[in-house]
file coords.txt (compact mmCIF, C-alpha atoms)
# COMPACT_ATOMS: atom_id res chain seq x y z
CA MET A 1 -54.77 -88.63 8.55
CA PRO A 2 -56.40 -92.09 9.04
CA CYS A 3 -54.81 -95.02 7.28
CA PRO A 4 -56.94 -95.84 4.17
CA TYR A 5 -56.34 -99.53 4.49
CA GLY A 6 -58.13 -102.34 6.32
CA LEU A 7 -56.90 -104.15 9.40
CA TRP A 8 -55.39 -107.02 7.42
CA GLN A 9 -53.33 -104.63 5.34
CA ILE A 10 -52.03 -102.85 8.47
CA LEU A 11 -51.04 -106.23 9.90
CA ALA A 12 -49.32 -107.16 6.63
CA ILE A 13 -47.21 -103.99 6.69
CA SER A 14 -46.38 -104.57 10.37
CA LEU A 15 -45.17 -108.08 9.56
CA LEU A 16 -43.10 -106.71 6.69
CA LEU A 17 -41.45 -104.15 8.94
CA THR A 18 -40.70 -106.84 11.50
CA GLY A 19 -39.02 -108.91 8.80
CA ILE A 20 -36.99 -105.92 7.65
CA LEU A 21 -35.86 -105.18 11.19
CA ASN A 22 -34.81 -108.79 11.76
CA GLY A 23 -32.88 -108.89 8.51
CA LEU A 24 -31.15 -105.51 8.55
CA ALA A 25 -27.76 -106.74 9.75
CA ARG A 26 -27.59 -109.84 7.58
CA GLU A 27 -25.19 -110.12 4.69
CA THR A 28 -26.92 -110.72 1.36
CA PRO A 29 -25.97 -113.06 -1.48
CA GLU A 30 -24.11 -111.77 -4.50
CA HIS A 31 -26.16 -110.80 -7.53
CA LEU A 32 -25.64 -112.43 -10.89
CA SER A 33 -23.12 -110.52 -13.02
CA THR A 34 -24.58 -107.78 -15.21
CA THR A 35 -23.35 -105.14 -17.61
CA HIS A 36 -23.02 -101.85 -15.73
CA PRO A 37 -23.49 -98.33 -17.10
CA VAL A 38 -20.56 -95.94 -17.13
CA ILE A 39 -20.03 -94.08 -13.87
CA SER A 40 -19.34 -90.38 -13.90
CA GLU A 41 -16.07 -90.47 -11.96
CA PRO A 42 -13.60 -93.03 -10.55
CA VAL A 43 -14.72 -94.70 -7.32
CA ASN A 44 -13.89 -97.68 -5.19
CA GLN A 45 -14.60 -100.67 -7.49
CA GLN A 46 -16.34 -102.69 -4.80
CA VAL A 47 -18.68 -99.82 -3.97
CA SER A 48 -19.28 -99.23 -7.68
CA GLU A 49 -20.38 -102.83 -8.13
CA ILE A 50 -22.68 -102.78 -5.12
CA ALA A 51 -24.22 -99.42 -6.04
CA ASN A 52 -25.10 -100.65 -9.52
CA LEU A 53 -26.77 -103.77 -8.17
CA VAL A 54 -28.85 -102.37 -5.31
CA THR A 55 -29.98 -99.05 -6.83
CA VAL A 56 -33.26 -98.99 -8.78
CA ARG A 57 -35.15 -96.37 -10.72
CA ILE A 58 -38.78 -95.71 -9.77
CA LEU A 59 -41.00 -94.47 -12.59
CA SER A 60 -44.58 -93.23 -12.45
CA ASP A 61 -46.89 -91.20 -14.67
CA SER A 62 -45.54 -87.90 -13.37
CA VAL A 63 -42.37 -88.51 -11.35
CA SER A 64 -39.05 -90.31 -11.74
CA GLY A 65 -36.88 -91.09 -8.73
CA SER A 66 -34.56 -93.68 -7.28
CA GLY A 67 -34.61 -96.32 -4.57
CA VAL A 68 -32.54 -99.07 -2.97
CA ILE A 69 -33.45 -102.73 -2.49
CA ILE A 70 -33.40 -103.51 1.24
CA GLN A 71 -35.21 -106.83 1.57
CA ARG A 72 -36.19 -110.02 -0.25
CA GLN A 73 -38.97 -112.30 0.97
CA GLY A 74 -39.49 -115.18 -1.44
CA GLN A 75 -40.08 -113.49 -4.79
CA THR A 76 -41.03 -110.14 -3.27
CA TYR A 77 -38.50 -107.31 -3.03
CA THR A 78 -38.87 -104.22 -0.85
CA VAL A 79 -37.38 -100.92 -1.97
CA LEU A 80 -36.69 -97.97 0.35
CA THR A 81 -37.12 -94.52 -1.20
CA ASN A 82 -38.35 -91.00 -0.39
CA ASN A 83 -41.99 -90.26 0.24
CA HIS A 84 -41.79 -87.35 -2.18
CA VAL A 85 -40.78 -89.76 -4.97
CA VAL A 86 -44.06 -91.69 -4.74
CA ALA A 87 -46.58 -89.39 -3.06
CA ASP A 88 -47.16 -86.98 -5.97
CA ASN A 89 -48.06 -89.68 -8.49
CA LYS A 90 -51.69 -89.23 -9.50
CA ASP A 91 -52.67 -92.79 -10.41
CA LYS A 92 -50.47 -94.48 -7.76
CA THR A 93 -48.98 -96.99 -10.20
CA TYR A 94 -45.21 -97.46 -10.40
CA GLN A 95 -42.52 -99.30 -12.31
CA VAL A 96 -39.15 -100.30 -10.89
CA LEU A 97 -36.15 -100.56 -13.22
CA THR A 98 -33.56 -103.03 -11.90
CA ALA A 99 -29.86 -103.56 -12.65
CA ASP A 100 -30.53 -106.08 -15.42
CA GLY A 101 -32.62 -103.58 -17.40
CA ARG A 102 -35.95 -105.20 -16.56
CA THR A 103 -38.97 -103.20 -15.39
CA HIS A 104 -41.36 -104.49 -12.74
CA ILE A 105 -44.84 -103.36 -11.76
CA ALA A 106 -44.63 -102.09 -8.18
CA LYS A 107 -46.89 -100.88 -5.42
CA TRP A 108 -46.42 -98.27 -2.73
CA LEU A 109 -46.93 -99.64 0.79
CA ARG A 110 -48.85 -96.66 2.07
CA SER A 111 -48.73 -96.34 5.84
CA THR A 112 -48.31 -93.76 8.56
CA GLN A 113 -45.30 -95.35 10.28
CA PHE A 114 -42.84 -92.79 8.93
CA GLY A 115 -44.78 -89.74 10.10
CA LYS A 116 -43.19 -86.57 8.69
CA VAL A 117 -39.94 -88.33 7.81
CA ASP A 118 -39.47 -88.36 4.02
CA LEU A 119 -39.33 -92.15 3.58
CA ALA A 120 -41.51 -94.70 1.81
CA LEU A 121 -41.50 -98.38 0.88
CA VAL A 122 -42.26 -99.85 -2.55
CA GLN A 123 -42.61 -103.54 -3.41
CA PHE A 124 -42.34 -105.61 -6.58
CA THR A 125 -42.51 -109.34 -7.24
CA THR A 126 -40.35 -111.31 -9.67
CA SER A 127 -38.69 -114.67 -10.14
CA GLU A 128 -35.40 -112.89 -10.94
CA THR A 129 -32.63 -112.64 -8.34
CA TYR A 130 -31.34 -109.23 -7.23
CA ARG A 131 -28.77 -108.01 -4.75
CA VAL A 132 -30.09 -106.63 -1.46
CA ALA A 133 -28.22 -103.76 0.19
CA GLU A 134 -26.35 -104.51 3.39
CA ILE A 135 -27.33 -102.05 6.10
CA GLY A 136 -24.50 -100.04 7.62
CA ASN A 137 -24.27 -98.10 10.87
CA SER A 138 -24.96 -94.42 10.20
CA ASN A 139 -24.39 -93.68 13.89
CA LYS A 140 -20.69 -94.42 13.42
CA LEU A 141 -20.20 -91.90 10.61
CA SER A 142 -17.88 -88.97 11.27
CA VAL A 143 -17.26 -85.72 9.43
CA GLY A 144 -14.67 -86.42 6.74
CA ASP A 145 -15.67 -90.05 6.11
CA ALA A 146 -15.93 -91.01 2.44
CA VAL A 147 -19.46 -91.65 1.12
CA TYR A 148 -20.93 -92.48 -2.28
CA ALA A 149 -24.31 -91.30 -3.57
CA ALA A 150 -26.18 -93.21 -6.31
CA GLY A 151 -29.31 -92.67 -8.36
CA PHE A 152 -30.82 -91.76 -11.71
CA PRO A 153 -30.82 -88.03 -12.55
CA ASN A 154 -33.84 -86.86 -14.55
CA TRP A 155 -31.76 -84.53 -16.70
CA HIS A 156 -28.47 -84.57 -18.59
CA TRP A 157 -26.64 -81.37 -19.50
CA ILE A 158 -25.64 -81.51 -23.18
CA ASN A 159 -23.88 -78.17 -22.87
CA SER A 160 -24.22 -75.01 -20.78
CA ASN A 161 -27.37 -74.02 -22.67
CA SER A 162 -29.11 -77.33 -23.36
CA ILE A 163 -30.40 -80.25 -21.31
CA GLU A 164 -32.03 -83.56 -22.18
CA LYS A 165 -34.54 -85.69 -20.27
CA THR A 166 -33.24 -89.13 -19.24
CA ARG A 167 -36.59 -90.85 -18.65
CA ASN A 168 -36.07 -93.15 -21.64
CA TRP A 169 -32.36 -93.69 -21.07
CA GLY A 170 -32.81 -96.79 -18.94
CA LEU A 171 -29.66 -97.73 -17.01
CA LYS A 172 -27.56 -95.23 -18.95
CA ALA A 173 -28.92 -92.50 -16.66
CA PHE A 174 -27.26 -94.07 -13.60
CA LYS A 175 -24.86 -91.84 -11.69
CA LEU A 176 -22.56 -92.46 -8.74
CA THR A 177 -20.75 -89.56 -7.08
CA THR A 178 -18.00 -89.43 -4.49
CA GLY A 179 -17.68 -87.13 -1.51
CA LYS A 180 -17.31 -86.88 2.23
CA VAL A 181 -19.53 -86.39 5.23
CA GLY A 182 -19.74 -82.63 5.81
CA MET A 183 -22.18 -82.21 8.71
CA LEU A 184 -23.92 -84.40 11.29
CA PRO A 185 -26.12 -81.99 13.24
CA ASP A 186 -27.45 -83.08 16.62
CA GLN A 187 -30.99 -82.32 15.50
CA SER A 188 -32.44 -83.41 12.17
CA LEU A 189 -34.36 -81.26 9.76
CA GLU A 190 -38.13 -81.56 10.04
CA SER A 191 -38.33 -84.26 7.37
CA GLY A 192 -35.62 -86.48 8.88
CA TYR A 193 -32.56 -85.21 7.00
CA GLN A 194 -29.51 -85.32 9.27
CA LEU A 195 -26.60 -86.44 7.07
CA GLY A 196 -24.92 -83.65 5.10
CA TYR A 197 -22.35 -84.67 2.48
CA THR A 198 -20.30 -83.01 -0.23
CA ASN A 199 -21.41 -85.29 -3.08
CA ASP A 200 -23.38 -83.72 -5.90
CA ILE A 201 -26.86 -85.16 -6.37
CA ALA A 202 -29.44 -84.13 -8.94
CA GLU A 203 -33.21 -84.24 -9.34
CA GLY A 204 -34.15 -87.89 -9.82
CA MET A 205 -31.48 -89.21 -7.46
CA SER A 206 -33.87 -88.74 -4.54
CA GLY A 207 -34.47 -92.07 -2.81
CA GLY A 208 -31.18 -93.53 -3.98
CA PRO A 209 -28.60 -94.92 -1.57
CA VAL A 210 -25.73 -93.25 0.25
CA LEU A 211 -23.07 -95.92 0.77
CA ASP A 212 -20.04 -95.97 3.05
CA ILE A 213 -16.50 -97.02 2.12
CA SER A 214 -17.52 -100.70 2.42
CA GLY A 215 -20.58 -100.30 0.22
CA LYS A 216 -23.03 -100.53 3.12
CA LEU A 217 -26.20 -98.45 3.13
CA VAL A 218 -25.93 -95.49 5.51
CA GLY A 219 -28.46 -93.02 4.10
CA ILE A 220 -31.13 -92.14 1.56
CA ASN A 221 -30.58 -89.20 -0.83
CA GLY A 222 -33.20 -86.49 -0.83
CA LYS A 223 -32.00 -82.88 -0.85
CA SER A 224 -29.52 -81.34 -3.28
CA LYS A 225 -27.24 -78.36 -2.72
CA TYR A 226 -28.43 -74.74 -2.72
CA PRO A 227 -32.21 -75.31 -2.77
CA LEU A 228 -34.39 -72.48 -4.07
CA GLY A 229 -36.35 -72.24 -0.81
CA GLY A 230 -33.38 -70.80 1.07
CA ILE A 231 -33.14 -71.05 4.84
CA ASP A 232 -36.77 -72.22 5.24
CA VAL A 233 -35.82 -75.52 3.60
CA PHE A 234 -33.55 -76.17 6.58
CA LYS A 235 -36.16 -75.82 9.31
CA LEU A 236 -35.23 -78.12 12.17
CA ALA A 237 -37.41 -80.82 13.70
CA ASP A 238 -38.37 -78.55 16.62
CA GLY A 239 -39.58 -75.86 14.19
CA SER A 240 -36.61 -73.51 14.66
CA LEU A 241 -34.30 -72.25 11.94
CA PRO A 242 -30.50 -72.55 11.95
CA THR A 243 -28.35 -69.48 12.36
CA GLN A 244 -27.22 -67.75 9.17
CA ALA A 245 -23.71 -69.14 9.63
CA VAL A 246 -24.97 -72.72 10.01
CA PHE A 247 -27.39 -72.25 7.11
CA ARG A 248 -24.56 -71.25 4.81
CA GLN A 249 -22.77 -74.47 5.72
CA MET A 250 -25.93 -76.52 5.24
CA GLU A 251 -26.92 -75.16 1.84
CA ALA A 252 -23.51 -76.05 0.37
CA LEU A 253 -24.15 -79.75 1.09
CA SER A 254 -26.46 -82.46 -0.20
CA TRP A 255 -28.63 -84.09 2.48
CA ALA A 256 -29.72 -87.64 3.25
CA ILE A 257 -31.86 -89.35 5.85
CA PRO A 258 -29.55 -91.61 7.92
CA ILE A 259 -30.43 -95.29 7.71
CA GLY A 260 -30.41 -95.29 11.52
CA THR A 261 -33.53 -93.10 11.40
CA PHE A 262 -35.30 -95.74 9.31
CA GLN A 263 -34.19 -98.46 11.73
CA GLN A 264 -35.56 -96.50 14.69
CA LEU A 265 -38.92 -96.01 12.99
CA VAL A 266 -39.18 -99.69 12.10
CA SER A 267 -38.18 -100.70 15.62
CA HIS A 268 -40.75 -98.34 17.12
CA ARG A 269 -43.45 -99.77 14.87
CA LYS A 270 -42.53 -103.30 15.93
CA ALA A 271 -42.75 -102.34 19.61

call {"tool": "encode", "arguments": {"input": "coords.txt", "output": "structure tokens"}}
result
Amino acid sequence: MPCPYGLWQILAISLLLTGILNGLARETPEHLSTTHPVISEPVNQQVSEIANLVTVRILSDSVSGSGVIIQRQGQTYTVLTNNHVVADNKDKTYQVLTADGRTHIAKWLRSTQFGKVDLALVQFTTSETYRVAEIGNSNKLSVGDAVYAAGFPNWHWINSNSIEKTRNWGLKAFKLTTGKVGMLPDQSLESGYQLGYTNDIAEGMSGGPVLDISGKLVGINGKSKYPLGGIDVFKLADGSLPTQAVFRQMEALSWAIPIGTFQQLVSHRKA
């Protein structure tokens, strides 16, 4: 599908991606101290702090999801999220909720650089200062490594028979879960998912960060356990389906897109 933007906009996105690529390995300054919402279960305190600061909530007229701040250029912040978080919004306007409780008008940087991979970039501008996630090395992950998944679930279970929407909860909806890497298949799923982990994630946590033991960004949440679509949800990038035995392992895990996949796409675009 042709890019709907003019040449200057394509060049602007290319320059942005170049800046992201050049800054991926840099350490970022500490954020100002904030009051953090309660986390669902005990985790490494350093990771807890980082997760609270770099994770944002993305709100639109029809969809709520999560994202992670990956770059600052002047007063402009770039957020990495899932394509499915932003693509279904009818009027294409977004708000980003940051760790200090402020909301910011944001725009989706629509482009074709991600292809079928379920990733997207959103930008907002502010004079406030926010923490930027430090990029980890997803290629060094091994099965059994501890990981932490963050985001803003759309629903809260009051009891076994009743749930409540969290759209108006603000930061109180934040959730951070612990787990371990469960699978690292040689071939990704058709939408770029290649990091399986035991953490529970819920609707609304899509686009949020997966962090390693040091709090570095190693993946982007996107698929929760036991999806309704069954084995077809786990179609591989070459169009084939996993065996029944592998499928049973896959469906018991949540799935993320490794940050290394994003880095490869950005690098390819730059080239």

call {"tool": "atom_distance", "arguments": {"input": "coords.txt", "atom1": "atom CA of Ile50 of chain A", "atom2": "atom CA of Gly65 of chain A"}}
result
18.7 Å

call {"tool": "atom_distance", "arguments": {"input": "coords.txt", "atom1": "atom CA of Ser224 of chain A", "atom2": "atom CA of Ile105 of chain A"}}
result
28.1 Å

call {"tool": "atom_distance", "arguments": {"input": "coords.txt", "atom1": "atom CA of Lys235 of chain A", "atom2": "atom CA of Thr261 of chain A"}}
result
17.6 Å

call {"tool": "residues_around", "arguments": {"input": "coords.txt", "residues": "segment 220-222 of chain A", "least_positions_apart": "4", "cutoff": "8 Å", "atoms": "all atoms listed in the file", "output": "PDB file with C-alpha atoms, in the coordinates of the input"}}
result
ATOM      1  CA  THR A  81     -37.120 -94.520  -1.200  1.00  0.00           C
ATOM      2  CA  ASN A  82     -38.350 -91.000  -0.390  1.00  0.00           C
ATOM      3  CA  ALA A 149     -24.310 -91.300  -3.570  1.00  0.00           C
ATOM      4  CA  TYR A 193     -32.560 -85.210   7.000  1.00  0.00           C
ATOM      5  CA  ILE A 201     -26.860 -85.160  -6.370  1.00  0.00           C
ATOM      6  CA  MET A 205     -31.480 -89.210  -7.460  1.00  0.00           C
ATOM      7  CA  SER A 206     -33.870 -88.740  -4.540  1.00  0.00           C
ATOM      8  CA  GLY A 207     -34.470 -92.070  -2.810  1.00  0.00           C
ATOM      9  CA  GLY A 208     -31.180 -93.530  -3.980  1.00  0.00           C
ATOM     10  CA  PRO A 209     -28.600 -94.920  -1.570  1.00  0.00           C
ATOM     11  CA  VAL A 210     -25.730 -93.250   0.250  1.00  0.00           C
ATOM     12  CA  SER A 254     -26.460 -82.460  -0.200  1.00  0.00           C
ATOM     13  CA  TRP A 255     -28.630 -84.090   2.480  1.00  0.00           C
ATOM     14  CA  ALA A 256     -29.720 -87.640   3.250  1.00  0.00           C
ATOM     15  CA  ILE A 257     -31.860 -89.350   5.850  1.00  0.00           C
ATOM     16  CA  PRO A 258     -29.550 -91.610   7.920  1.00  0.00           C
ATOM     17  CA  ILE A 259     -30.430 -95.290   7.710  1.00  0.00           C
TER      18      ILE A 259
END

call {"tool": "axis_aligned_box", "arguments": {"input": "coords.txt", "around": "segment 103-122 of chain A", "padding_each_side": "6 Å", "output": "JSON"}}
result
{"center_x": -43.9, "center_y": -95.5, "center_z": -2.6, "size_x": 21.9, "size_y": 29.9, "size_z": 37.7}

call {"tool": "closest_residue", "arguments": {"input": "coords.txt", "among": "A:Gly74, A:Gly196, A:Gly182, A:Gly115", "to": "Val143 of chain A", "atoms": "only C-alpha atoms"}}
result
A:Gly182

call {"tool": "closest_residue", "arguments": {"input": "coords.txt", "among": "A:Val68, A:Met250, A:Asp186, A:Gly260", "to": "Val122 of chain A", "atoms": "all atoms listed in the file"}}
result
A:Val68

call {"tool": "closest_residue", "arguments": {"input": "coords.txt", "among": "A:Pro185, A:Tyr77, A:Lys165, A:Asp91", "to": "Leu236 of chain A", "atoms": "all atoms listed in the file"}}
result
A:Pro185

call {"tool": "closest_residue", "arguments": {"input": "coords.txt", "among": "A:Ala150, A:Val233, A:Leu195, A:Leu176", "to": "Ser66 of chain A", "atoms": "only C-alpha atoms"}}
result
A:Ala150

call {"tool": "residues_around", "arguments": {"input": "coords.txt", "residues": "Gln75 of chain A", "least_positions_apart": "3", "cutoff": "9 Å", "atoms": "only C-alpha atoms", "output": "list in words"}}
result
Arg72, Phe124, Thr125, Thr126, Ser127, Glu128 and Thr129 of chain A

call {"tool": "residues_around", "arguments": {"input": "coords.txt", "residues": "Gly179 of chain A", "least_positions_apart": "4", "cutoff": "6 Å", "atoms": "all atoms listed in the file", "output": "number ranges by chain"}}
result
A: 146-147, 198-199

call {"tool": "residues_around", "arguments": {"input": "coords.txt", "residues": "Ala133 of chain A", "least_positions_apart": "3", "cutoff": "8 Å", "atoms": "only C-alpha atoms", "output": "ChimeraX atom specification"}}
result
/A:28,50,54,68-71,216-217

call {"tool": "write_last_selection", "arguments": {"input": "coords.txt", "atoms": "C-alpha atoms", "output": "mmCIF file, in the coordinates of the input"}}
result
data_model
loop_
_atom_site.group_PDB
_atom_site.id
_atom_site.type_symbol
_atom_site.label_atom_id
_atom_site.label_comp_id
_atom_site.auth_asym_id
_atom_site.auth_seq_id
_atom_site.Cartn_x
_atom_site.Cartn_y
_atom_site.Cartn_z
ATOM 1 C CA THR A 28 -26.920 -110.720 1.360
ATOM 2 C CA ILE A 50 -22.680 -102.780 -5.120
ATOM 3 C CA VAL A 54 -28.850 -102.370 -5.310
ATOM 4 C CA VAL A 68 -32.540 -99.070 -2.970
ATOM 5 C CA ILE A 69 -33.450 -102.730 -2.490
ATOM 6 C CA ILE A 70 -33.400 -103.510 1.240
ATOM 7 C CA GLN A 71 -35.210 -106.830 1.570
ATOM 8 C CA LYS A 216 -23.030 -100.530 3.120
ATOM 9 C CA LEU A 217 -26.200 -98.450 3.130
#

call {"tool": "closest_residue", "arguments": {"input": "coords.txt", "among": "A:Val117, A:Ile135, A:Val79, A:Leu265", "to": "Arg57 of chain A", "atoms": "all atoms listed in the file"}}
result
A:Val79

call {"tool": "closest_residue", "arguments": {"input": "coords.txt", "among": "A:Ile158, A:Ala51, A:Leu141, A:Val266", "to": "Val218 of chain A", "atoms": "all atoms listed in the file"}}
result
A:Leu141

call {"tool": "residues_around", "arguments": {"input": "coords.txt", "residues": "Gly101 of chain A", "least_positions_apart": "4", "cutoff": "9 Å", "atoms": "only C-alpha atoms", "output": "list in words"}}
result
Leu97, Gly170 and Leu171 of chain A

call {"tool": "write_last_selection", "arguments": {"input": "coords.txt", "atoms": "C-alpha atoms", "output": "mmCIF file, keeping the file's coordinate frame"}}
result
data_model
loop_
_atom_site.group_PDB
_atom_site.id
_atom_site.type_symbol
_atom_site.label_atom_id
_atom_site.label_comp_id
_atom_site.auth_asym_id
_atom_site.auth_seq_id
_atom_site.Cartn_x
_atom_site.Cartn_y
_atom_site.Cartn_z
ATOM 1 C CA LEU A 97 -36.150 -100.560 -13.220
ATOM 2 C CA GLY A 170 -32.810 -96.790 -18.940
ATOM 3 C CA LEU A 171 -29.660 -97.730 -17.010
#
